[in-house]
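The structure file my_file-v3.txt is reproduced below (compact mmCIF, C-alpha atoms).
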```
# COMPACT_ATOMS: atom_id res chain seq x y z
CA MET A 1 17.00 11.55 18.93
CA THR A 2 15.06 9.16 16.68
CA PHE A 3 13.30 5.85 17.29
CA ASP A 4 14.03 2.13 17.32
CA GLN A 5 11.95 0.71 14.48
CA ARG A 6 12.35 -2.80 15.96
CA ASP A 7 11.02 -1.91 19.43
CA PRO A 8 7.65 -3.66 20.00
CA ALA A 9 6.39 -0.66 22.01
CA PHE A 10 7.19 1.65 19.08
CA ILE A 11 5.55 -0.74 16.60
CA ALA A 12 2.42 -0.84 18.77
CA ASP A 13 2.10 2.97 18.77
CA PRO A 14 4.72 5.01 16.90
CA TYR A 15 2.81 8.30 17.02
CA PRO A 16 4.11 9.69 20.36
CA ALA A 17 7.68 9.20 19.07
CA PHE A 18 6.75 10.97 15.83
CA ALA A 19 5.27 13.89 17.80
CA ALA A 20 8.48 14.26 19.81
CA LEU A 21 10.53 14.28 16.60
CA ARG A 22 8.33 16.94 15.02
CA GLU A 23 8.77 19.09 18.13
CA ALA A 24 12.54 18.76 17.84
CA GLY A 25 12.80 19.51 14.11
CA GLU A 26 11.46 18.70 10.65
CA VAL A 27 14.27 16.37 9.47
CA HIS A 28 16.44 13.96 11.49
CA HIS A 29 19.19 11.51 10.56
CA HIS A 30 18.26 7.97 11.59
CA GLU A 31 21.46 6.12 12.44
CA GLN A 32 20.00 2.58 12.47
CA MET A 33 18.36 2.91 9.05
CA GLY A 34 21.15 5.04 7.58
CA VAL A 35 18.76 7.59 6.13
CA ALA A 36 17.44 11.07 6.95
CA VAL A 37 13.71 11.11 7.84
CA ALA A 38 11.37 14.04 7.23
CA VAL A 39 8.69 14.19 9.91
CA SER A 40 6.61 17.32 9.27
CA HIS A 41 3.87 17.47 6.64
CA ALA A 42 5.66 20.31 4.85
CA ALA A 43 9.01 18.49 4.77
CA CYS A 44 7.42 15.20 3.66
CA SER A 45 5.53 17.01 0.89
CA ALA A 46 8.77 18.62 -0.24
CA VAL A 47 10.53 15.23 -0.33
CA LEU A 48 7.74 13.68 -2.41
CA ARG A 49 7.51 16.60 -4.86
CA HIS A 50 11.13 17.73 -5.34
CA ARG A 51 12.28 16.92 -8.87
CA SER A 52 15.86 16.35 -7.70
CA LEU A 53 14.71 13.68 -5.24
CA GLY A 54 13.80 10.60 -7.20
CA ARG A 55 13.20 6.88 -7.04
CA ILE A 56 16.64 5.73 -8.21
CA TRP A 57 16.73 1.95 -8.19
CA SER A 58 19.89 0.25 -7.00
CA ASP A 59 19.99 -3.53 -7.42
CA VAL A 60 19.95 -5.59 -4.23
CA LYS A 61 23.33 -7.27 -3.76
CA PRO A 62 24.61 -9.82 -4.49
CA VAL A 63 22.84 -9.35 -7.82
CA GLU A 64 23.06 -13.02 -8.81
CA GLN A 65 21.03 -13.98 -5.71
CA PHE A 66 18.20 -11.51 -6.36
CA MET A 67 17.69 -11.70 -10.12
CA ALA A 68 13.88 -11.76 -10.10
CA PHE A 69 13.44 -9.18 -7.33
CA ASN A 70 15.79 -6.77 -9.10
CA LEU A 71 14.11 -7.37 -12.47
CA LEU A 72 10.72 -6.45 -11.03
CA HIS A 73 11.99 -3.20 -9.54
CA ARG A 74 14.37 -2.19 -12.33
CA ASN A 75 11.37 -2.20 -14.70
CA SER A 76 8.81 -0.77 -12.28
CA LEU A 77 6.90 2.45 -12.76
CA LEU A 78 7.52 3.20 -9.08
CA GLU A 79 11.30 2.85 -9.25
CA ASN A 80 11.98 5.00 -12.32
CA GLU A 81 12.19 8.71 -13.05
CA PRO A 82 11.56 10.66 -16.29
CA PRO A 83 11.89 10.00 -19.14
CA THR A 84 11.39 6.27 -18.41
CA HIS A 85 8.73 6.98 -15.77
CA THR A 86 6.88 9.33 -18.13
CA ARG A 87 6.70 6.66 -20.84
CA LEU A 88 5.68 3.87 -18.46
CA ARG A 89 3.05 5.92 -16.66
CA ARG A 90 1.53 7.16 -19.93
CA LEU A 91 1.20 3.61 -21.25
CA VAL A 92 -0.10 2.12 -17.99
CA ALA A 93 -2.51 5.04 -17.44
CA ALA A 94 -3.83 4.60 -20.99
CA ALA A 95 -4.58 0.93 -20.30
CA PHE A 96 -5.99 1.74 -16.85
CA GLY A 97 -8.15 4.48 -18.33
CA ARG A 98 -10.22 2.08 -20.42
CA GLY A 99 -12.98 1.94 -17.83
CA HIS A 100 -11.50 -0.83 -15.69
CA VAL A 101 -12.08 0.84 -12.32
CA GLU A 102 -15.71 1.81 -12.95
CA ARG A 103 -16.34 -1.59 -14.57
CA LEU A 104 -15.31 -3.23 -11.31
CA ARG A 105 -17.27 -0.99 -8.91
CA PRO A 106 -20.48 -3.12 -8.69
CA TRP A 107 -18.42 -6.33 -8.78
CA VAL A 108 -16.33 -5.11 -5.80
CA ALA A 109 -19.46 -4.20 -3.81
CA ASP A 110 -20.93 -7.65 -4.46
CA LEU A 111 -17.65 -9.36 -3.53
CA ALA A 112 -17.45 -7.37 -0.27
CA ASP A 113 -21.01 -8.43 0.60
CA ARG A 114 -20.19 -12.10 0.00
CA LEU A 115 -17.03 -11.97 2.10
CA VAL A 116 -18.75 -10.14 4.97
CA ASP A 117 -21.59 -12.69 4.85
CA GLU A 118 -18.99 -15.42 5.42
CA LEU A 119 -17.53 -13.43 8.33
CA VAL A 120 -20.97 -12.98 9.91
CA ALA A 121 -21.78 -16.68 9.49
CA GLU A 122 -18.53 -17.66 11.22
CA ILE A 123 -19.21 -15.27 14.10
CA LYS A 124 -22.67 -16.79 14.55
CA ASP A 125 -21.19 -20.27 14.48
CA GLN A 126 -17.96 -19.76 16.46
CA GLY A 127 -18.58 -16.58 18.43
CA GLN A 128 -15.80 -14.70 16.63
CA ALA A 129 -14.03 -14.50 13.26
CA ASP A 130 -10.93 -12.84 11.83
CA LEU A 131 -11.73 -9.80 9.67
CA LEU A 132 -8.37 -10.02 7.91
CA ALA A 133 -8.72 -13.68 6.94
CA HIS A 134 -12.35 -13.39 5.80
CA VAL A 135 -12.51 -9.89 4.28
CA ALA A 136 -9.49 -7.57 4.35
CA ALA A 137 -6.94 -9.96 2.83
CA PRO A 138 -9.02 -11.79 0.18
CA LEU A 139 -10.86 -8.69 -1.09
CA PRO A 140 -7.94 -6.80 -2.70
CA VAL A 141 -6.35 -10.00 -4.01
CA GLU A 142 -9.59 -11.01 -5.73
CA VAL A 143 -10.02 -7.49 -7.13
CA ILE A 144 -6.48 -7.28 -8.55
CA ALA A 145 -6.78 -10.84 -9.88
CA GLU A 146 -10.04 -9.91 -11.62
CA LEU A 147 -8.47 -6.72 -12.96
CA LEU A 148 -5.48 -8.63 -14.37
CA GLY A 149 -7.53 -11.56 -15.62
CA VAL A 150 -5.84 -14.21 -13.43
CA PRO A 151 -7.85 -17.46 -13.71
CA GLN A 152 -9.85 -18.38 -10.59
CA GLN A 153 -7.88 -21.58 -9.96
CA ASP A 154 -4.59 -19.62 -9.71
CA ARG A 155 -5.67 -16.78 -7.44
CA HIS A 156 -4.62 -18.53 -4.24
CA LEU A 157 -0.99 -18.11 -5.37
CA LEU A 158 -1.01 -14.31 -5.37
CA GLN A 159 -1.27 -13.35 -1.71
CA PRO A 160 1.64 -15.55 -0.48
CA TRP A 161 3.85 -14.17 -3.28
CA SER A 162 2.99 -10.58 -2.37
CA ASN A 163 3.43 -11.14 1.37
CA ALA A 164 6.91 -12.61 0.86
CA ILE A 165 8.16 -9.99 -1.62
CA VAL A 166 7.13 -6.91 0.38
CA LYS A 167 9.18 -8.05 3.38
CA MET A 168 12.21 -6.84 1.39
CA TYR A 169 11.15 -3.23 2.02
CA GLU A 170 11.92 -3.52 5.72
CA TYR A 171 15.30 -2.58 7.20
CA GLY A 172 17.64 -5.34 8.44
CA LEU A 173 15.63 -8.27 7.04
CA PRO A 174 17.10 -11.70 8.03
CA ALA A 175 18.64 -13.79 5.22
CA PRO A 176 15.95 -16.55 5.23
CA GLN A 177 13.22 -13.98 4.58
CA GLN A 178 15.31 -12.37 1.83
CA GLU A 179 15.64 -15.79 0.19
CA ALA A 180 11.88 -16.36 0.51
CA ALA A 181 11.23 -13.01 -1.17
CA GLU A 182 13.46 -13.93 -4.12
CA ARG A 183 11.77 -17.35 -4.49
CA ALA A 184 8.36 -15.66 -4.54
CA ALA A 185 9.54 -13.09 -7.09
CA THR A 186 10.96 -15.84 -9.32
CA GLU A 187 7.71 -17.83 -9.24
CA PHE A 188 5.58 -14.72 -9.80
CA VAL A 189 7.67 -13.60 -12.79
CA ALA A 190 7.46 -17.05 -14.39
CA TYR A 191 3.68 -17.17 -13.86
CA LEU A 192 3.10 -13.72 -15.36
CA ARG A 193 5.26 -14.47 -18.41
CA GLU A 194 2.91 -17.35 -19.14
CA LEU A 195 -0.16 -15.13 -18.63
CA VAL A 196 1.25 -12.40 -20.91
CA ALA A 197 2.04 -15.00 -23.59
CA LEU A 198 -1.53 -16.28 -23.37
CA ARG A 199 -3.02 -12.77 -23.67
CA ARG A 200 -0.91 -12.04 -26.75
CA VAL A 201 -2.65 -14.83 -28.65
CA SER A 202 -5.98 -14.78 -26.79
CA PRO A 203 -6.79 -11.27 -25.49
CA GLY A 204 -9.66 -10.66 -23.08
CA THR A 205 -11.30 -7.67 -21.38
CA ASP A 206 -8.72 -7.59 -18.57
CA LEU A 207 -5.93 -5.10 -17.86
CA VAL A 208 -3.13 -7.46 -18.93
CA SER A 209 -4.71 -7.69 -22.38
CA ASP A 210 -4.86 -3.89 -22.56
CA LEU A 211 -1.26 -3.57 -21.33
CA VAL A 212 -0.18 -5.98 -24.08
CA ALA A 213 -2.08 -3.98 -26.72
CA VAL A 214 -1.43 -0.38 -25.62
CA THR A 215 0.99 1.69 -27.70
CA ASP A 216 2.54 5.11 -27.21
CA THR A 217 2.21 7.98 -29.68
CA ASP A 218 5.40 6.80 -31.40
CA GLY A 219 4.16 3.20 -31.58
CA ALA A 220 6.27 2.01 -28.63
CA ARG A 221 4.90 -0.71 -26.36
CA LEU A 222 5.68 -2.00 -22.91
CA THR A 223 8.44 -4.62 -22.92
CA GLU A 224 7.60 -8.00 -21.44
CA ASP A 225 9.69 -7.21 -18.34
CA GLU A 226 7.80 -3.91 -17.92
CA LEU A 227 4.47 -5.70 -18.30
CA VAL A 228 5.42 -8.25 -15.66
CA ALA A 229 6.75 -5.55 -13.30
CA THR A 230 3.56 -3.49 -13.72
CA ALA A 231 1.33 -6.44 -12.88
CA VAL A 232 3.38 -7.28 -9.78
CA LEU A 233 3.39 -3.64 -8.66
CA LEU A 234 -0.40 -3.47 -8.97
CA LEU A 235 -0.81 -6.57 -6.83
CA MET A 236 1.71 -5.65 -4.14
CA ALA A 237 0.72 -1.99 -3.84
CA GLY A 238 -3.00 -2.72 -4.19
CA HIS A 239 -3.06 -5.69 -1.84
CA GLU A 240 -0.77 -4.44 0.94
CA ALA A 241 -2.27 -0.95 1.12
CA THR A 242 -5.91 -2.04 1.04
CA VAL A 243 -5.66 -4.93 3.49
CA ASN A 244 -3.90 -2.69 6.01
CA VAL A 245 -6.24 0.30 5.59
CA ILE A 246 -9.18 -2.02 6.29
CA GLY A 247 -7.44 -3.80 9.18
CA ASN A 248 -5.94 -0.71 10.84
CA GLY A 249 -9.10 1.29 10.13
CA VAL A 250 -11.63 -1.14 11.59
CA TYR A 251 -9.37 -1.64 14.63
CA ALA A 252 -9.37 2.15 15.15
CA LEU A 253 -13.16 2.28 14.75
CA MET A 254 -13.63 -0.49 17.30
CA GLN A 255 -11.54 1.56 19.74
CA HIS A 256 -13.54 4.73 18.97
CA ARG A 257 -17.11 3.50 19.16
CA SER A 258 -18.71 6.89 18.52
CA GLN A 259 -16.96 7.06 15.13
CA TRP A 260 -18.16 3.58 14.15
CA GLU A 261 -21.71 4.66 15.00
CA ARG A 262 -21.35 7.84 12.88
CA LEU A 263 -20.76 5.83 9.71
CA SER A 264 -23.39 6.21 6.97
CA PRO A 265 -23.39 6.09 3.15
CA GLU A 266 -23.10 9.90 3.07
CA ILE A 267 -20.05 10.05 5.35
CA MET A 268 -18.26 6.99 3.93
CA PRO A 269 -15.99 8.87 1.45
CA THR A 270 -14.54 11.10 4.18
CA ALA A 271 -14.31 8.12 6.54
CA VAL A 272 -12.12 6.25 4.05
CA GLU A 273 -9.73 9.20 3.77
CA GLU A 274 -9.60 9.57 7.55
CA LEU A 275 -8.74 5.90 8.10
CA ILE A 276 -5.88 6.22 5.60
CA ARG A 277 -4.62 9.28 7.49
CA TYR A 278 -5.15 8.10 11.06
CA ASP A 279 -3.03 4.93 10.92
CA SER A 280 -1.12 4.93 7.65
CA PRO A 281 -0.54 1.51 6.06
CA LEU A 282 2.72 2.79 4.51
CA GLN A 283 4.81 4.61 7.09
CA LEU A 284 7.89 5.52 5.08
CA PHE A 285 8.78 6.24 1.45
CA GLU A 286 12.39 6.84 0.30
CA ARG A 287 13.85 9.22 -2.26
CA THR A 288 17.45 9.57 -3.55
CA ALA A 289 19.04 12.91 -4.40
CA THR A 290 20.24 13.37 -7.99
CA GLU A 291 21.79 16.73 -7.07
CA ARG A 292 22.32 18.73 -3.87
CA VAL A 293 18.94 19.38 -2.22
CA GLU A 294 17.94 21.19 0.96
CA ILE A 295 14.80 20.08 2.83
CA ALA A 296 13.80 22.13 5.87
CA GLY A 297 17.42 23.11 6.41
CA HIS A 298 18.77 19.56 6.00
CA VAL A 299 21.16 19.11 3.08
CA VAL A 300 20.91 15.90 1.02
CA GLU A 301 23.96 15.35 -1.17
CA PRO A 302 23.79 13.55 -4.55
CA GLY A 303 23.38 9.81 -4.02
CA GLU A 304 22.15 10.21 -0.44
CA LYS A 305 18.66 9.13 0.61
CA ILE A 306 15.94 10.90 2.52
CA ALA A 307 12.62 9.36 3.55
CA ALA A 308 9.19 10.90 4.00
CA LEU A 309 7.79 9.56 7.27
CA LEU A 310 4.16 9.48 6.17
CA GLY A 311 2.80 8.42 9.55
CA ALA A 312 4.39 11.48 11.16
CA ALA A 313 3.14 13.83 8.43
CA ALA A 314 -0.40 12.50 8.98
CA ARG A 315 -0.43 13.70 12.59
CA ASP A 316 1.08 17.17 12.00
CA PRO A 317 -0.97 19.70 14.02
CA LEU A 318 0.02 22.49 11.61
CA VAL A 319 -2.08 20.78 8.92
CA PHE A 320 -4.67 18.67 10.75
CA GLU A 321 -6.92 19.99 13.51
CA ASN A 322 -6.73 17.65 16.54
CA PRO A 323 -4.56 15.22 14.56
CA ASP A 324 -4.60 12.46 17.19
CA VAL A 325 -8.42 12.37 17.12
CA LEU A 326 -10.18 9.95 14.76
CA ASP A 327 -12.87 11.98 12.94
CA VAL A 328 -14.67 10.11 10.14
CA GLY A 329 -16.30 13.36 9.05
CA ARG A 330 -13.00 15.24 8.69
CA GLU A 331 -13.32 17.52 5.65
CA LYS A 332 -9.85 19.10 5.46
CA ASN A 333 -7.73 16.00 5.00
CA GLN A 334 -4.55 16.54 3.01
CA HIS A 335 -3.01 13.19 3.92
CA LEU A 336 -0.09 11.85 1.90
CA GLY A 337 -1.22 8.22 2.01
CA PHE A 338 -1.30 7.90 -1.79
CA GLY A 339 1.90 9.89 -2.24
CA MET A 340 2.31 13.16 -4.11
CA GLY A 341 3.88 14.41 -7.32
CA ILE A 342 4.66 12.21 -10.31
CA HIS A 343 4.57 9.03 -8.22
CA TYR A 344 1.04 9.64 -6.93
CA CYS A 345 -0.64 6.24 -6.69
CA LEU A 346 -2.23 5.25 -10.01
CA GLY A 347 -4.50 2.76 -8.21
CA ALA A 348 -5.87 5.24 -5.66
CA PRO A 349 -9.42 5.29 -7.16
CA LEU A 350 -9.61 1.49 -7.03
CA ALA A 351 -8.26 1.37 -3.46
CA ARG A 352 -10.93 3.86 -2.34
CA ILE A 353 -13.67 1.72 -3.93
CA GLU A 354 -12.39 -1.42 -2.16
CA VAL A 355 -12.10 0.16 1.30
CA GLU A 356 -15.49 1.84 1.02
CA ALA A 357 -17.14 -1.38 -0.14
CA ALA A 358 -15.66 -3.39 2.75
CA LEU A 359 -16.49 -0.76 5.36
CA SER A 360 -20.03 -0.19 4.07
CA SER A 361 -20.84 -3.90 3.96
CA LEU A 362 -19.38 -4.55 7.41
CA HIS A 363 -21.26 -1.64 9.00
CA ARG A 364 -24.52 -2.64 7.32
CA LYS A 365 -24.35 -6.38 8.03
CA LEU A 366 -22.60 -6.33 11.42
CA PRO A 367 -23.51 -3.04 13.11
CA GLY A 368 -22.86 -4.54 16.54
CA ALA A 369 -19.28 -5.54 15.69
CA VAL A 370 -16.86 -5.52 18.65
CA LEU A 371 -13.29 -6.67 19.22
CA ALA A 372 -13.37 -10.32 20.29
CA GLU A 373 -9.78 -10.02 21.55
CA GLU A 374 -6.79 -7.75 21.03
CA PRO A 375 -5.36 -8.15 17.53
CA ASN A 376 -1.92 -9.51 16.72
CA ARG A 377 0.17 -6.72 15.15
CA ARG A 378 2.80 -7.34 12.47
CA ALA A 379 6.38 -6.73 13.62
CA GLU A 380 7.34 -4.65 10.57
CA PHE A 381 7.55 -0.86 10.66
CA VAL A 382 7.50 0.35 7.02
CA ILE A 383 4.34 -1.55 6.10
CA ARG A 384 2.08 -1.17 9.13
CA GLY A 385 -0.64 -3.70 9.71
CA LEU A 386 -2.12 -6.55 11.70
CA HIS A 387 -1.77 -10.33 11.43
CA SER A 388 -5.36 -10.77 12.58
CA LEU A 389 -8.38 -8.79 13.80
CA PRO A 390 -10.84 -11.06 15.65
CA LEU A 391 -14.37 -9.61 15.70
CA GLY A 392 -17.48 -10.67 17.57
CA THR A 393 -20.84 -9.01 18.11
CA ASP A 394 -22.42 -7.40 21.16
```

Is it possible to give me this structure as structure tokens?
Amino acid sequence: MTFDQRDPAFIADPYPAFAALREAGEVHHHEQMGVAVAVSHAACSAVLRHRSLGRIWSDVKPVEQFMAFNLLHRNSLLENEPPTHTRLRRLVAAAFGRGHVERLRPWVADLADRLVDELVAEIKDQGQADLLAHVAAPLPVEVIAELLGVPQQDRHLLQPWSNAIVKMYEYGLPAPQQEAAERAATEFVAYLRELVALRRVSPGTDLVSDLVAVTDTDGARLTEDELVATAVLLLMAGHEATVNVIGNGVYALMQHRSQWERLSPEIMPTAVEELIRYDSPLQLFERTATERVEIAGHVVEPGEKIAALLGAAARDPLVFENPDVLDVGREKNQHLGFGMGIHYCLGAPLARIEVEAALSSLHRKLPGAVLAEEPNRRAEFVIRGLHSLPLGTD
């Protein structure tokens, strides 16, 4: 008993299926995906934290057809374990820790206000406007571009690259979309090599300049491939997570009017965490066993994979009171949306600032927001989101 991740009814609302799985057991083998899935909060936490379950990258085959995609992941912080992960994370965290997130906080708030103003103007003019097109999608791209120091005239390139590459994380992706992902990866790598070369001779106050300059205690630096992979990871993780938290979250708030009306500056931090929990933008995260591991009675042999089903963990009644209820004031909220253990999301503080800025601005400038029509949901399962979210006003 599992689920069909391609079934439109499941994509629309996977949570009843997750509840049935949790009732039946904490770990299940999913035949279609060829991987065991942990569905309880405890089992998912164990998968994310166990030191013998790692992110062990295996090149996509045939290797010669996916050179750029494999390069990005082979050198990624997310796809490596200690000691490589330890070195990469220390260097990236050192560059990140130079005040970049706090430097951007007022800039992000101002950007959110400008984008929401455009949304409101379109609603006044046309009667409705798409939240994703006007706010949720451009906001994280602009923020990551500003963080990396991407020139304004090139920023339109980033979102299409990210959108194409992340399709590769889905199961059973058709060949044309695989080819599009590799083309996007190739173009992105070439672009970032040029940007890194520029920052070597002309450093600025951006993160790429700091990543170029940062050294470890033994004088080691990031290689160019690691620099490029880090920049791409920041865009893809930062963009995809944030756009879908905002989209899924505002959709949930429109369906639960009392929660939208509860929003205030004081409650906003807990509201952000609750939106991440309630409809997780990342539903599944894989690990590979490096030695024999047992999770909730399920044995994972070396080389086998097990996935934490984050959307199922987020609705576990053993951890969350009334888990199927949206509660923007929820205090006890141990969601796994940013991961856990050594791979805990390095960009979590920035993501929280972005979501809070967008939500605050929208609630302040468009308090009477309503759904103009039912949104168009993306067909993918692993990365859960919407194609559009048309809003109007009452």

Tell me, as a PyMOL selection string, which residues lie within 10 Å of Thr223 (chain A), counting all atoms listed in the file; anything in the same chain fewer than 6 positions away does not count. chain A and resi 75+88+211-212+229

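Residues with any atom within 7 Å of region 372-386 of chain A, counting all atoms listed in the file and excluding same-chain neighbours fewer than 2 positions away, are Gln5, Ile11, Gln128, Glu170, Asn244, Gly247, Asn248, Pro281, Leu282, Gln283, Leu284, Val370, Ser388, Leu389, Pro390, Leu391 and Gly392 of chain A.
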
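Nearest residue to Asn70 (chain A), choosing from A:Asp394, A:His298, A:Ser52, A:Ala185 and counting all atoms listed in the file: A:Ala185.
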
Please provide the set of residues having any atom within 8 Å of Val39 (chain A), restricted to all atoms listed in the file, with same-chain residues fewer than 2 positions apart removed, written as a PyMOL selection string. chain A and resi 18+21-22+25-28+37+41+43-44+308-310+312-313

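Counting from CA of His29 (chain A), the distance to CA of Arg287 (chain A) is 14.1 Å.
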
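With all atoms listed in the file as the basis for measurement, A:Val208 is the residue among A:Ile246, A:Ala289, A:Ala369, A:Val208 that approaches Val150 (chain A) most closely.
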
Pull the closest atom pair for each residue of region 285-343 of chain A that gets at most 10 Å from region 268-277 of chain A, along with the distance in Å to one decimal, counting all atoms listed in the file, ordering rows by chain and then ascending residue number, as JSON lines.
```
{"residue": "A:Leu310", "atom": "CA", "partner": "A:Arg277", "partner_atom": "CA", "distance": 8.9}
{"residue": "A:Gly311", "atom": "CA", "partner": "A:Arg277", "partner_atom": "CA", "distance": 7.7}
{"residue": "A:Ala312", "atom": "CA", "partner": "A:Arg277", "partner_atom": "CA", "distance": 10.0}
{"residue": "A:Ala313", "atom": "CA", "partner": "A:Arg277", "partner_atom": "CA", "distance": 9.0}
{"residue": "A:Ala314", "atom": "CA", "partner": "A:Arg277", "partner_atom": "CA", "distance": 5.5}
{"residue": "A:Arg315", "atom": "CA", "partner": "A:Arg277", "partner_atom": "CA", "distance": 7.9}
{"residue": "A:Phe320", "atom": "CA", "partner": "A:Arg277", "partner_atom": "CA", "distance": 9.9}
{"residue": "A:Pro323", "atom": "CA", "partner": "A:Arg277", "partner_atom": "CA", "distance": 9.2}
{"residue": "A:Leu326", "atom": "CA", "partner": "A:Glu274", "partner_atom": "CA", "distance": 7.2}
{"residue": "A:Asp327", "atom": "CA", "partner": "A:Glu274", "partner_atom": "CA", "distance": 6.7}
{"residue": "A:Val328", "atom": "CA", "partner": "A:Ala271", "partner_atom": "CA", "distance": 4.1}
{"residue": "A:Gly329", "atom": "CA", "partner": "A:Thr270", "partner_atom": "CA", "distance": 5.6}
{"residue": "A:Arg330", "atom": "CA", "partner": "A:Thr270", "partner_atom": "CA", "distance": 6.3}
{"residue": "A:Glu331", "atom": "CA", "partner": "A:Thr270", "partner_atom": "CA", "distance": 6.7}
{"residue": "A:Lys332", "atom": "CA", "partner": "A:Thr270", "partner_atom": "CA", "distance": 9.4}
{"residue": "A:Asn333", "atom": "CA", "partner": "A:Glu274", "partner_atom": "CA", "distance": 7.2}
{"residue": "A:Gln334", "atom": "CA", "partner": "A:Arg277", "partner_atom": "CA", "distance": 8.5}
{"residue": "A:His335", "atom": "CA", "partner": "A:Arg277", "partner_atom": "CA", "distance": 5.5}
{"residue": "A:Leu336", "atom": "CA", "partner": "A:Arg277", "partner_atom": "CA", "distance": 7.6}
{"residue": "A:Gly337", "atom": "CA", "partner": "A:Ile276", "partner_atom": "CA", "distance": 6.2}
{"residue": "A:Phe338", "atom": "CA", "partner": "A:Ile276", "partner_atom": "CA", "distance": 8.9}
```

Expected answer as an MDAnalysis selection string: all residues with atoms within 8 Å of (-4.1, -3.1, 0.8), all atoms listed in the file: chainID A and resid 136:137 140 237:246 281 351

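CA of Glu224 (chain A) sits 13.6 Å away from CA of Leu77 (chain A).
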
Any chance you could tabulate, as a tab-separated table, the residues of region 313-374 of chain A at most 9 Å from region 97-114 of chain A with each one's nearest atom pair and distance in Å to one decimal, using all atoms listed in the file, in chain and rising number order?
```
residue	atom	partner	partner_atom	distance
A:Gly347	CA	A:Val101	CA	8.8
A:Pro349	CA	A:Val101	CA	7.3
A:Leu350	CA	A:Val101	CA	5.9
A:Ile353	CA	A:Arg105	CA	6.7
A:Glu354	CA	A:Val108	CA	6.5
A:Glu356	CA	A:Ala109	CA	8.7
A:Ala357	CA	A:Ala109	CA	5.2
A:Ala358	CA	A:Ala112	CA	5.3
A:Leu359	CA	A:Ala112	CA	8.7
A:Ser360	CA	A:Ala112	CA	8.8
A:Ser361	CA	A:Asp113	CA	5.6
A:Leu362	CA	A:Asp113	CA	8.0
A:Lys365	CA	A:Asp113	CA	8.4
```

Can you find the residues with an atom no farther than 12 Å from (10.1, 11.0, -15.6), counting all atoms listed in the file, and report them as JSON, numbers by chain? {"A": [51, 52, 53, 54, 55, 56, 77, 78, 79, 80, 81, 82, 83, 84, 85, 86, 87, 88, 89, 90, 341, 342, 343]}

Which residue, A:Val325, A:Val189, A:Ile165, A:Leu173, has the smallest gap to Ser258 (chain A) when you use only C-alpha atoms? A:Val325

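Closest approach to Ala164 (chain A) from the set A:Met236, A:Leu132, A:Val92, A:Leu198 is made by A:Met236, with distances taken over all atoms listed in the file.
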